Each structure stands twice: as structure tokens, then as C-alpha cells.
$ cat query_17.cif   # mmCIF, C-alpha atoms, pLDDT in the B column; chains and numbers go by the auth columns
data_protein
loop_
_atom_site.group_PDB
_atom_site.id
_atom_site.type_symbol
_atom_site.label_atom_id
_atom_site.label_comp_id
_atom_site.label_asym_id
_atom_site.label_seq_id
_atom_site.Cartn_x
_atom_site.Cartn_y
_atom_site.Cartn_z
_atom_site.B_iso_or_equiv
_atom_site.auth_seq_id
_atom_site.auth_asym_id
ATOM 1 C CA MET A 1 53.125 -108.041 -19.580 52.00 1 A
ATOM 2 C CA ASN A 2 51.417 -107.440 -16.292 55.00 2 A
ATOM 3 C CA SER A 3 49.004 -109.898 -14.898 55.00 3 A
ATOM 4 C CA PHE A 4 46.346 -108.827 -12.551 57.00 4 A
ATOM 5 C CA GLY A 5 45.663 -111.155 -9.693 54.00 5 A
ATOM 6 C CA THR A 6 43.201 -110.930 -6.960 54.00 6 A
ATOM 7 C CA LYS A 7 44.500 -110.637 -3.497 54.00 7 A
ATOM 8 C CA THR A 8 42.485 -111.896 -0.637 50.00 8 A
ATOM 9 C CA ILE A 9 42.675 -109.663 2.335 51.00 9 A
ATOM 10 C CA GLU A 10 42.461 -111.561 5.548 50.00 10 A
ATOM 11 C CA SER A 11 41.050 -109.911 8.578 50.00 11 A
ATOM 12 C CA PRO A 12 43.064 -109.950 11.807 52.00 12 A
ATOM 13 C CA HIS A 13 40.474 -112.327 13.229 54.00 13 A
ATOM 14 C CA MET A 14 41.114 -114.882 10.462 52.00 14 A
ATOM 15 C CA ILE A 15 44.877 -114.555 10.924 54.00 15 A
ATOM 16 C CA SER A 16 44.613 -115.106 14.671 65.00 16 A
ATOM 17 C CA ASP A 17 42.398 -118.163 14.111 67.00 17 A
ATOM 18 C CA LYS A 18 44.960 -119.653 11.716 75.00 18 A
ATOM 19 C CA CYS A 19 47.746 -118.917 14.163 78.00 19 A
ATOM 20 C CA PHE A 20 45.686 -120.469 16.965 76.00 20 A
ATOM 21 C CA ILE A 21 45.088 -123.659 14.954 79.00 21 A
ATOM 22 C CA ARG A 22 48.739 -123.975 13.906 84.00 22 A
ATOM 23 C CA THR A 23 49.912 -123.444 17.471 86.00 23 A
ATOM 24 C CA GLN A 24 47.403 -125.977 18.755 86.00 24 A
ATOM 25 C CA ILE A 25 48.529 -128.583 16.218 88.00 25 A
ATOM 26 C CA LEU A 26 52.223 -128.008 16.886 92.00 26 A
ATOM 27 C CA LEU A 27 51.852 -128.172 20.670 92.00 27 A
ATOM 28 C CA ARG A 28 49.628 -131.267 20.496 92.00 28 A
ATOM 29 C CA VAL A 29 52.108 -133.082 18.253 93.00 29 A
ATOM 30 C CA LEU A 30 54.950 -132.180 20.626 95.00 30 A
ATOM 31 C CA ALA A 31 52.902 -133.218 23.667 94.00 31 A
ATOM 32 C CA ALA A 32 52.040 -136.552 22.041 94.00 32 A
ATOM 33 C CA ALA A 33 55.681 -137.154 21.098 96.00 33 A
ATOM 34 C CA PHE A 34 57.066 -136.391 24.542 96.00 34 A
ATOM 35 C CA THR A 35 54.416 -138.333 26.444 95.00 35 A
ATOM 36 C CA LEU A 36 54.986 -141.312 24.152 96.00 36 A
ATOM 37 C CA ALA A 37 58.747 -141.009 24.680 95.00 37 A
ATOM 38 C CA ALA A 38 58.233 -140.836 28.445 94.00 38 A
ATOM 39 C CA ALA A 39 56.039 -143.937 28.467 94.00 39 A
ATOM 40 C CA CYS A 40 58.326 -145.944 26.171 93.00 40 A
ATOM 41 C CA SER A 41 61.374 -145.014 28.185 92.00 41 A
ATOM 42 C CA MET A 42 59.633 -146.043 31.395 90.00 42 A
ATOM 43 C CA PHE A 43 58.300 -149.307 29.970 93.00 43 A
ATOM 44 C CA THR A 44 61.792 -150.337 28.845 90.00 44 A
ATOM 45 C CA SER A 45 63.545 -149.366 32.067 86.00 45 A
ATOM 46 C CA LYS A 46 64.851 -152.430 33.840 80.00 46 A
ATOM 47 C CA GLU A 47 68.180 -153.633 35.090 79.00 47 A
ATOM 48 C CA THR A 48 69.365 -156.836 36.724 77.00 48 A
ATOM 49 C CA VAL A 49 72.308 -156.850 39.108 76.00 49 A
ATOM 50 C CA HIS A 50 74.000 -159.616 41.048 78.00 50 A
ATOM 51 C CA VAL A 51 74.612 -158.925 44.716 75.00 51 A
ATOM 52 C CA PHE A 52 76.244 -161.679 46.802 80.00 52 A
ATOM 53 C CA ASN A 53 75.212 -164.393 44.329 81.00 53 A
ATOM 54 C CA THR A 54 71.642 -163.094 44.405 80.00 54 A
ATOM 55 C CA GLU A 55 69.995 -161.714 41.296 83.00 55 A
ATOM 56 C CA MET A 56 68.043 -158.494 41.873 80.00 56 A
ATOM 57 C CA ASP A 57 65.799 -156.739 39.369 83.00 57 A
ATOM 58 C CA ALA A 58 64.941 -153.067 39.181 79.00 58 A
ATOM 59 C CA ARG A 59 61.789 -152.503 37.126 81.00 59 A
ATOM 60 C CA TYR A 60 59.237 -149.761 36.821 82.00 60 A
ATOM 61 C CA SER A 61 56.451 -152.267 37.537 80.00 61 A
ATOM 62 C CA TYR A 62 57.657 -152.722 41.123 83.00 62 A
ATOM 63 C CA SER A 63 56.513 -149.194 41.981 85.00 63 A
ATOM 64 C CA SER A 64 52.880 -148.157 41.759 88.00 64 A
ATOM 65 C CA ALA A 65 53.939 -144.524 41.283 92.00 65 A
ATOM 66 C CA LEU A 66 56.107 -145.388 38.266 92.00 66 A
ATOM 67 C CA LYS A 67 53.295 -147.519 36.816 93.00 67 A
ATOM 68 C CA PHE A 68 50.888 -144.620 37.277 95.00 68 A
ATOM 69 C CA PHE A 69 53.374 -142.320 35.525 95.00 69 A
ATOM 70 C CA ALA A 70 53.771 -144.678 32.563 94.00 70 A
ATOM 71 C CA TYR A 71 50.032 -145.233 32.114 95.00 71 A
ATOM 72 C CA ALA A 72 49.235 -141.528 32.575 95.00 72 A
ATOM 73 C CA ASN A 73 51.653 -140.751 29.755 95.00 73 A
ATOM 74 C CA ILE A 74 50.073 -143.388 27.505 96.00 74 A
ATOM 75 C CA ILE A 75 46.651 -141.871 28.197 95.00 75 A
ATOM 76 C CA GLY A 76 48.076 -138.393 27.567 94.00 76 A
ATOM 77 C CA CYS A 77 49.553 -139.492 24.244 94.00 77 A
ATOM 78 C CA ALA A 78 46.325 -141.165 23.124 95.00 78 A
ATOM 79 C CA PHE A 79 44.193 -138.168 24.016 93.00 79 A
ATOM 80 C CA SER A 80 46.699 -135.818 22.371 92.00 80 A
ATOM 81 C CA ILE A 81 46.281 -137.710 19.116 93.00 81 A
ATOM 82 C CA LEU A 82 42.495 -137.739 19.549 92.00 82 A
ATOM 83 C CA SER A 83 42.488 -134.001 20.226 88.00 83 A
ATOM 84 C CA LEU A 84 44.524 -133.437 17.058 88.00 84 A
ATOM 85 C CA PHE A 85 41.603 -134.830 15.095 86.00 85 A
ATOM 86 C CA LEU A 86 39.120 -132.717 17.046 83.00 86 A
ATOM 87 C CA VAL A 87 41.095 -129.519 16.491 81.00 87 A
ATOM 88 C CA SER A 88 41.337 -130.248 12.775 80.00 88 A
ATOM 89 C CA ILE A 89 37.561 -130.840 12.634 80.00 89 A
ATOM 90 C CA PHE A 90 36.948 -127.599 14.547 74.00 90 A
ATOM 91 C CA SER A 91 39.193 -125.719 12.124 72.00 91 A
ATOM 92 C CA ARG A 92 37.247 -126.983 9.099 74.00 92 A
ATOM 93 C CA LYS A 93 33.827 -126.263 10.584 68.00 93 A
ATOM 94 C CA GLY A 94 34.866 -122.829 11.710 64.00 94 A
ATOM 95 C CA LEU A 95 35.900 -122.043 15.206 61.00 95 A
ATOM 96 C CA HIS A 96 33.004 -121.405 17.497 65.00 96 A
ATOM 97 C CA PRO A 97 33.863 -120.037 20.943 65.00 97 A
ATOM 98 C CA LYS A 98 31.879 -122.854 22.582 71.00 98 A
ATOM 99 C CA ASN A 99 34.393 -125.326 21.160 71.00 99 A
ATOM 100 C CA TYR A 100 37.228 -123.423 22.822 75.00 100 A
ATOM 101 C CA PHE A 101 35.740 -124.230 26.198 79.00 101 A
ATOM 102 C CA TYR A 102 35.613 -127.961 25.494 81.00 102 A
ATOM 103 C CA VAL A 103 39.208 -127.893 24.280 81.00 103 A
ATOM 104 C CA PHE A 104 40.151 -125.986 27.444 84.00 104 A
ATOM 105 C CA LEU A 105 38.502 -128.616 29.674 88.00 105 A
ATOM 106 C CA HIS A 106 40.239 -131.422 27.773 88.00 106 A
ATOM 107 C CA ASP A 107 43.639 -129.741 28.075 89.00 107 A
ATOM 108 C CA MET A 108 43.210 -128.913 31.746 92.00 108 A
ATOM 109 C CA ILE A 109 42.201 -132.477 32.697 94.00 109 A
ATOM 110 C CA LEU A 110 45.096 -133.996 30.761 94.00 110 A
ATOM 111 C CA MET A 111 47.554 -131.507 32.223 94.00 111 A
ATOM 112 C CA ALA A 112 46.394 -132.413 35.734 95.00 112 A
ATOM 113 C CA LEU A 113 46.723 -136.149 35.003 95.00 113 A
ATOM 114 C CA LEU A 114 50.205 -135.763 33.521 95.00 114 A
ATOM 115 C CA LEU A 115 51.308 -133.479 36.344 96.00 115 A
ATOM 116 C CA ALA A 116 50.115 -135.962 38.970 96.00 116 A
ATOM 117 C CA GLY A 117 51.928 -138.840 37.280 95.00 117 A
ATOM 118 C CA THR A 118 55.113 -136.852 36.830 95.00 118 A
ATOM 119 C CA ALA A 119 55.056 -135.639 40.430 96.00 119 A
ATOM 120 C CA ALA A 120 54.603 -139.193 41.707 94.00 120 A
ATOM 121 C CA ALA A 121 57.469 -140.482 39.557 94.00 121 A
ATOM 122 C CA THR A 122 59.695 -137.587 40.626 94.00 122 A
ATOM 123 C CA THR A 123 59.080 -138.400 44.278 93.00 123 A
ATOM 124 C CA ILE A 124 60.003 -142.057 43.837 90.00 124 A
ATOM 125 C CA GLY A 125 62.989 -141.066 41.706 89.00 125 A
ATOM 126 C CA PHE A 126 64.236 -138.770 44.452 90.00 126 A
ATOM 127 C CA VAL A 127 63.950 -141.533 47.042 89.00 127 A
ATOM 128 C CA GLY A 128 65.684 -143.955 44.681 85.00 128 A
ATOM 129 C CA LYS A 129 68.550 -141.541 44.115 86.00 129 A
ATOM 130 C CA TYR A 130 69.054 -140.155 47.627 87.00 130 A
ATOM 131 C CA GLY A 131 67.204 -142.568 49.918 83.00 131 A
ATOM 132 C CA GLU A 132 65.248 -141.619 53.021 84.00 132 A
ATOM 133 C CA ASN A 133 67.285 -142.033 56.182 82.00 133 A
ATOM 134 C CA GLN A 134 64.438 -141.578 58.654 84.00 134 A
ATOM 135 C CA SER A 135 62.452 -144.380 57.037 82.00 135 A
ATOM 136 C CA GLY A 136 65.466 -146.600 56.487 78.00 136 A
ATOM 137 C CA TRP A 137 65.226 -146.551 52.703 83.00 137 A
ATOM 138 C CA MET A 138 68.601 -146.791 51.061 86.00 138 A
ATOM 139 C CA PRO A 139 69.409 -145.173 47.705 81.00 139 A
ATOM 140 C CA ILE A 140 69.462 -147.679 44.852 79.00 140 A
ATOM 141 C CA CYS A 141 70.870 -145.611 41.983 82.00 141 A
ATOM 142 C CA ASP A 142 74.441 -146.526 42.925 83.00 142 A
ATOM 143 C CA SER A 143 73.553 -150.176 42.374 83.00 143 A
ATOM 144 C CA VAL A 144 71.376 -149.846 39.254 84.00 144 A
ATOM 145 C CA PRO A 145 72.622 -146.775 37.335 85.00 145 A
ATOM 146 C CA LYS A 146 71.210 -147.807 33.934 90.00 146 A
ATOM 147 C CA PHE A 147 67.721 -148.134 35.403 86.00 147 A
ATOM 148 C CA CYS A 148 67.975 -144.784 37.176 89.00 148 A
ATOM 149 C CA HIS A 149 69.184 -142.972 34.060 91.00 149 A
ATOM 150 C CA LYS A 150 66.259 -144.322 32.029 92.00 150 A
ATOM 151 C CA VAL A 151 63.800 -143.290 34.737 91.00 151 A
ATOM 152 C CA ILE A 152 65.336 -139.804 34.915 93.00 152 A
ATOM 153 C CA LYS A 153 65.134 -139.477 31.125 94.00 153 A
ATOM 154 C CA SER A 154 61.514 -140.598 31.236 94.00 154 A
ATOM 155 C CA ILE A 155 60.664 -138.068 33.950 94.00 155 A
ATOM 156 C CA ILE A 156 62.289 -135.266 31.920 95.00 156 A
ATOM 157 C CA PHE A 157 60.181 -136.246 28.901 96.00 157 A
ATOM 158 C CA GLY A 158 57.139 -136.296 31.185 95.00 158 A
ATOM 159 C CA PHE A 159 57.837 -132.771 32.449 96.00 159 A
ATOM 160 C CA LEU A 160 58.183 -131.542 28.861 96.00 160 A
ATOM 161 C CA GLY A 161 54.774 -133.085 28.099 95.00 161 A
ATOM 162 C CA VAL A 162 53.322 -131.273 31.122 95.00 162 A
ATOM 163 C CA ILE A 163 54.832 -127.974 29.935 96.00 163 A
ATOM 164 C CA PHE A 164 53.289 -128.403 26.481 95.00 164 A
ATOM 165 C CA TYR A 165 49.916 -129.153 28.033 93.00 165 A
ATOM 166 C CA LEU A 166 50.273 -126.138 30.313 94.00 166 A
ATOM 167 C CA CYS A 167 50.815 -123.996 27.203 93.00 167 A
ATOM 168 C CA LEU A 168 47.791 -125.600 25.539 90.00 168 A
ATOM 169 C CA THR A 169 45.675 -124.956 28.635 90.00 169 A
ATOM 170 C CA ILE A 170 46.688 -121.304 28.766 90.00 170 A
ATOM 171 C CA ILE A 171 46.003 -120.805 25.060 86.00 171 A
ATOM 172 C CA SER A 172 42.639 -122.577 25.271 82.00 172 A
ATOM 173 C CA ALA A 173 41.647 -120.602 28.362 82.00 173 A
ATOM 174 C CA ASN A 174 42.531 -117.376 26.597 80.00 174 A
ATOM 175 C CA GLN A 175 40.389 -118.350 23.607 75.00 175 A
ATOM 176 C CA SER A 176 37.488 -119.639 25.703 70.00 176 A
ATOM 177 C CA ARG A 177 37.108 -116.314 27.481 72.00 177 A
ATOM 178 C CA LYS A 178 35.661 -115.000 24.200 66.00 178 A
ATOM 179 C CA ILE A 179 32.441 -116.923 24.857 61.00 179 A
ATOM 180 C CA GLN A 180 29.416 -114.653 24.907 57.00 180 A
ATOM 181 C CA VAL A 181 26.665 -115.757 27.223 54.00 181 A
#
$ encode --input "query_17.cif" --output "C-alpha cells"
Amino acid sequence: MNSFGTKTIESPHMISDKCFIRTQILLRVLAAAFTLAAACSMFTSKETVHVFNTEMDARYSYSSALKFFAYANIIGCAFSILSLFLVSIFSRKGLHPKNYFYVFLHDMILMALLLAGTAAATTIGFVGKYGENQSGWMPICDSVPKFCHKVIKSIIFGFLGVIFYLCLTIISANQSRKIQV
């Protein structure tokens, strides 16, 4: 016995919109996960060592650049989750090209914030690992290896978050160019 079913034929435009929404959701979830991992790793990075009967602490909070990195990643994670809700609302209402532009602006601002924080943390991490002879700054990673490994792991997570936001920015910019004036 044959049953006759109705097939819905989707236009290429509908397929590309579904692909766009799925890609947006996947990249935003990954960006939120990696920025959260970067912030958590940075917030828990501390080590205490004893040097000549003196206790010394290495903490992220002693460096304004590492604090900026941690808070930028928390902001990035929060706005990634918020943008997940916005993208899901846009997908239900139907995608209007004007919305693409707002998503593009959101992604570009967050990418710039995350990139600035990651660049600042990378600079301090480099000085911590190799020192700066001309300024008289000695490397500290030989003394506090656990702290340095956590900071390096956090910076790697931060760069992955930046890469995901770069992808989101490129995708949103490509979609926003469809705006008709």
C-alpha cells in the first residue's frame, strides 16, 4: 500500500536562513563556553611559593591587564548568552536584513573587547615567561609554574573565543550587506 505524503519544497533562501541560524547558534554557544572557560581559569589562577622564608603570591588580581582579560571574558560570555536569545527571537519572527546589521554591530564590538583583553593578557604573559631585560623585569614562570600554566590555558581559551567571534562577525557582515536602502 502506497501512502501519498506531501513534500514541502524549501527554497534556497529558506535553506540558507536555516543554515545561518544554526551556524549562529553553534558559534555563539562555543564562544560562550570558551569565554567562560577563559574567565574561570583566570579567576582560579593563583600560586603561593616560599622564597627565603618569605611567602609570595602570584594572582591574576595583581595585574590590571589580567583583570581586564578576565572581566572582558565574563562580559563576552554574558553577551553571548544574551545574543543567543536574540538570534532565536529573530529566527522565529523571520529574519529581516535590518536585524543582521544589529547582530553584526554586537559581534564586532564583542570581538574588539575580547581581542583587546586577550592581547593585554598575552603581553603580560610574555613578560612573565621571558622577562624584560631592559626594564629589569625578571621572568616569574620558573618560580610559579602552576600559575603560569593556568594563565596560558586561559589565554588559549580567550583566543578561541576571539576566533569564534571573528567568524560570527564575518558571517553577520556577509548577511548585513543584503540590506536594501
$ closest_residue --input "query_17.cif" --among "A:Leu86, A:Ile21, A:Cys148, A:Ile163" --to "Val127 of chain A" --atoms "all atoms listed in the file"
A:Cys148
$ residues_around --input "query_17.cif" --residues "Ile155 of chain A" --least-positions-apart "3" --cutoff "12 Å" --atoms "all atoms listed in the file" --output "mmCIF file with C-alpha atoms, in the frame of the given file"
data_model
loop_
_atom_site.group_PDB
_atom_site.id
_atom_site.type_symbol
_atom_site.label_atom_id
_atom_site.label_comp_id
_atom_site.auth_asym_id
_atom_site.auth_seq_id
_atom_site.Cartn_x
_atom_site.Cartn_y
_atom_site.Cartn_z
ATOM 1 C CA PHE A 34 57.066 -136.391 24.542
ATOM 2 C CA THR A 35 54.416 -138.333 26.444
ATOM 3 C CA LEU A 36 54.986 -141.312 24.152
ATOM 4 C CA ALA A 37 58.747 -141.009 24.680
ATOM 5 C CA ALA A 38 58.233 -140.836 28.445
ATOM 6 C CA ALA A 39 56.039 -143.937 28.467
ATOM 7 C CA CYS A 40 58.326 -145.944 26.171
ATOM 8 C CA SER A 41 61.374 -145.014 28.185
ATOM 9 C CA MET A 42 59.633 -146.043 31.395
ATOM 10 C CA SER A 45 63.545 -149.366 32.067
ATOM 11 C CA ALA A 65 53.939 -144.524 41.283
ATOM 12 C CA LEU A 66 56.107 -145.388 38.266
ATOM 13 C CA PHE A 69 53.374 -142.320 35.525
ATOM 14 C CA ALA A 70 53.771 -144.678 32.563
ATOM 15 C CA ASN A 73 51.653 -140.751 29.755
ATOM 16 C CA LEU A 114 50.205 -135.763 33.521
ATOM 17 C CA LEU A 115 51.308 -133.479 36.344
ATOM 18 C CA ALA A 116 50.115 -135.962 38.970
ATOM 19 C CA GLY A 117 51.928 -138.840 37.280
ATOM 20 C CA THR A 118 55.113 -136.852 36.830
ATOM 21 C CA ALA A 119 55.056 -135.639 40.430
ATOM 22 C CA ALA A 120 54.603 -139.193 41.707
ATOM 23 C CA ALA A 121 57.469 -140.482 39.557
ATOM 24 C CA THR A 122 59.695 -137.587 40.626
ATOM 25 C CA THR A 123 59.080 -138.400 44.278
ATOM 26 C CA ILE A 124 60.003 -142.057 43.837
ATOM 27 C CA GLY A 125 62.989 -141.066 41.706
ATOM 28 C CA PHE A 126 64.236 -138.770 44.452
ATOM 29 C CA CYS A 148 67.975 -144.784 37.176
ATOM 30 C CA HIS A 149 69.184 -142.972 34.060
ATOM 31 C CA LYS A 150 66.259 -144.322 32.029
ATOM 32 C CA VAL A 151 63.800 -143.290 34.737
ATOM 33 C CA ILE A 152 65.336 -139.804 34.915
ATOM 34 C CA GLY A 158 57.139 -136.296 31.185
ATOM 35 C CA PHE A 159 57.837 -132.771 32.449
ATOM 36 C CA LEU A 160 58.183 -131.542 28.861
ATOM 37 C CA GLY A 161 54.774 -133.085 28.099
ATOM 38 C CA VAL A 162 53.322 -131.273 31.122
#
$ residues_around --input "query_17.cif" --residues "Arg22 of chain A" --least-positions-apart "3" --cutoff "12 Å" --atoms "only C-alpha atoms" --output "PyMOL selection string"
chain A and resi 15-19+25-29+84+87-88+91+168+171
$ resolve_selection --input "query_17.cif" --expression "the PyMOL selection byres ((chain A and resi 48-59) around 12)" --output "PyMOL selection string"
chain A and resi 41-47+60-67+128+140-148+150-151
$ atom_distance --input "query_17.cif" --atom1 "atom CA of Ala78 of chain A" --atom2 "atom CA of Ala32 of chain A"
7.4 Å
$ closest_residue --input "query_17.cif" --among "A:Met108, A:Met138, A:Leu113, A:Ile89" --to "Cys167 of chain A" --atoms "all atoms listed in the file"
A:Met108
$ atom_distance --input "query_17.cif" --atom1 "atom CA of Ser176 of chain A" --atom2 "atom CA of Phe20 of chain A"
12.0 Å
$ axis_aligned_box --input "query_17.cif" --around "segment 118-126 of chain A" --padding-each-side "6 Å" --output "lines of an AutoDock Vina configuration file"
center_x = 59.4
center_y = -138.8
center_z = 40.6
size_x = 21.6
size_y = 18.4
size_z = 19.6
$ atom_distance --input "query_17.cif" --atom1 "atom CA of Ala31 of chain A" --atom2 "atom CA of Leu110 of chain A"
10.6 Å
$ closest_residue --input "query_17.cif" --among "A:Ser172, A:Leu30, A:Ile109, A:Gln134" --to "Cys77 of chain A" --atoms "all atoms listed in the file"
A:Leu30
$ closest_residue --input "query_17.cif" --among "A:Trp137, A:Tyr130, A:Phe104, A:Phe79" --to "Leu166 of chain A" --atoms "all atoms listed in the file"
A:Phe104
$ build_atoms --input "query_17.cif" --residues "segment 62-95 of chain A" --atoms "N, CA and C atoms" --output "short mmCIF file (atom, residue, chain, number, x, y, z; two decimals), in the frame of the given file"
data_model
loop_
_atom_site.label_atom_id
_atom_site.label_comp_id
_atom_site.auth_asym_id
_atom_site.auth_seq_id
_atom_site.Cartn_x
_atom_site.Cartn_y
_atom_site.Cartn_z
N TYR A 62 57.60 -152.47 39.69
CA TYR A 62 57.66 -152.72 41.12
C TYR A 62 57.15 -151.53 41.93
N SER A 63 56.97 -150.40 41.29
CA SER A 63 56.51 -149.19 41.98
C SER A 63 55.18 -148.75 41.39
N SER A 64 54.20 -148.60 42.25
CA SER A 64 52.88 -148.16 41.76
C SER A 64 52.95 -146.73 41.22
N ALA A 65 53.82 -145.90 41.78
CA ALA A 65 53.94 -144.52 41.28
C ALA A 65 54.53 -144.50 39.87
N LEU A 66 55.52 -145.34 39.60
CA LEU A 66 56.11 -145.39 38.27
C LEU A 66 55.14 -146.00 37.26
N LYS A 67 54.33 -146.97 37.71
CA LYS A 67 53.30 -147.52 36.82
C LYS A 67 52.25 -146.45 36.49
N PHE A 68 51.84 -145.70 37.50
CA PHE A 68 50.89 -144.62 37.28
C PHE A 68 51.45 -143.60 36.29
N PHE A 69 52.72 -143.25 36.43
CA PHE A 69 53.37 -142.32 35.52
C PHE A 69 53.35 -142.84 34.09
N ALA A 70 53.72 -144.10 33.91
CA ALA A 70 53.77 -144.68 32.56
C ALA A 70 52.38 -144.71 31.92
N TYR A 71 51.38 -145.15 32.68
CA TYR A 71 50.03 -145.23 32.11
C TYR A 71 49.42 -143.85 31.90
N ALA A 72 49.72 -142.90 32.78
CA ALA A 72 49.24 -141.53 32.58
C ALA A 72 49.81 -140.95 31.29
N ASN A 73 51.06 -141.25 30.99
CA ASN A 73 51.65 -140.75 29.76
C ASN A 73 51.07 -141.43 28.53
N ILE A 74 50.74 -142.72 28.62
CA ILE A 74 50.07 -143.39 27.50
C ILE A 74 48.70 -142.76 27.27
N ILE A 75 47.96 -142.52 28.33
CA ILE A 75 46.65 -141.87 28.20
C ILE A 75 46.81 -140.47 27.62
N GLY A 76 47.81 -139.73 28.10
CA GLY A 76 48.08 -138.39 27.57
C GLY A 76 48.41 -138.41 26.09
N CYS A 77 49.20 -139.38 25.67
CA CYS A 77 49.55 -139.49 24.24
C CYS A 77 48.32 -139.82 23.41
N ALA A 78 47.52 -140.77 23.87
CA ALA A 78 46.32 -141.16 23.12
C ALA A 78 45.34 -140.00 22.99
N PHE A 79 45.12 -139.29 24.08
CA PHE A 79 44.19 -138.17 24.02
C PHE A 79 44.77 -136.98 23.25
N SER A 80 46.09 -136.86 23.21
CA SER A 80 46.70 -135.82 22.37
C SER A 80 46.42 -136.09 20.91
N ILE A 81 46.56 -137.34 20.50
CA ILE A 81 46.28 -137.71 19.12
C ILE A 81 44.79 -137.53 18.81
N LEU A 82 43.93 -137.93 19.74
CA LEU A 82 42.50 -137.74 19.55
C LEU A 82 42.16 -136.25 19.44
N SER A 83 42.79 -135.43 20.27
CA SER A 83 42.49 -134.00 20.23
C SER A 83 43.02 -133.35 18.95
N LEU A 84 44.06 -133.93 18.35
CA LEU A 84 44.52 -133.44 17.06
C LEU A 84 43.41 -133.54 16.01
N PHE A 85 42.72 -134.67 16.02
CA PHE A 85 41.60 -134.83 15.10
C PHE A 85 40.48 -133.85 15.40
N LEU A 86 40.19 -133.65 16.68
CA LEU A 86 39.12 -132.72 17.05
C LEU A 86 39.46 -131.29 16.64
N VAL A 87 40.70 -130.88 16.86
CA VAL A 87 41.10 -129.52 16.49
C VAL A 87 41.04 -129.34 14.98
N SER A 88 41.42 -130.37 14.24
CA SER A 88 41.34 -130.25 12.78
C SER A 88 39.88 -130.19 12.31
N ILE A 89 38.99 -130.92 12.97
CA ILE A 89 37.56 -130.84 12.63
C ILE A 89 37.02 -129.46 12.98
N PHE A 90 37.41 -128.93 14.15
CA PHE A 90 36.95 -127.60 14.55
C PHE A 90 37.45 -126.54 13.57
N SER A 91 38.66 -126.72 13.04
CA SER A 91 39.19 -125.72 12.12
C SER A 91 38.46 -125.74 10.78
N ARG A 92 37.99 -126.89 10.36
CA ARG A 92 37.25 -126.98 9.10
C ARG A 92 35.83 -126.43 9.24
N LYS A 93 35.20 -126.72 10.37
CA LYS A 93 33.83 -126.26 10.58
C LYS A 93 33.77 -124.78 10.91
N GLY A 94 34.87 -124.21 11.24
CA GLY A 94 34.87 -122.83 11.71
C GLY A 94 34.89 -122.85 13.23
N LEU A 95 35.72 -122.04 13.76
CA LEU A 95 35.90 -122.04 15.21
C LEU A 95 34.76 -121.29 15.88
#
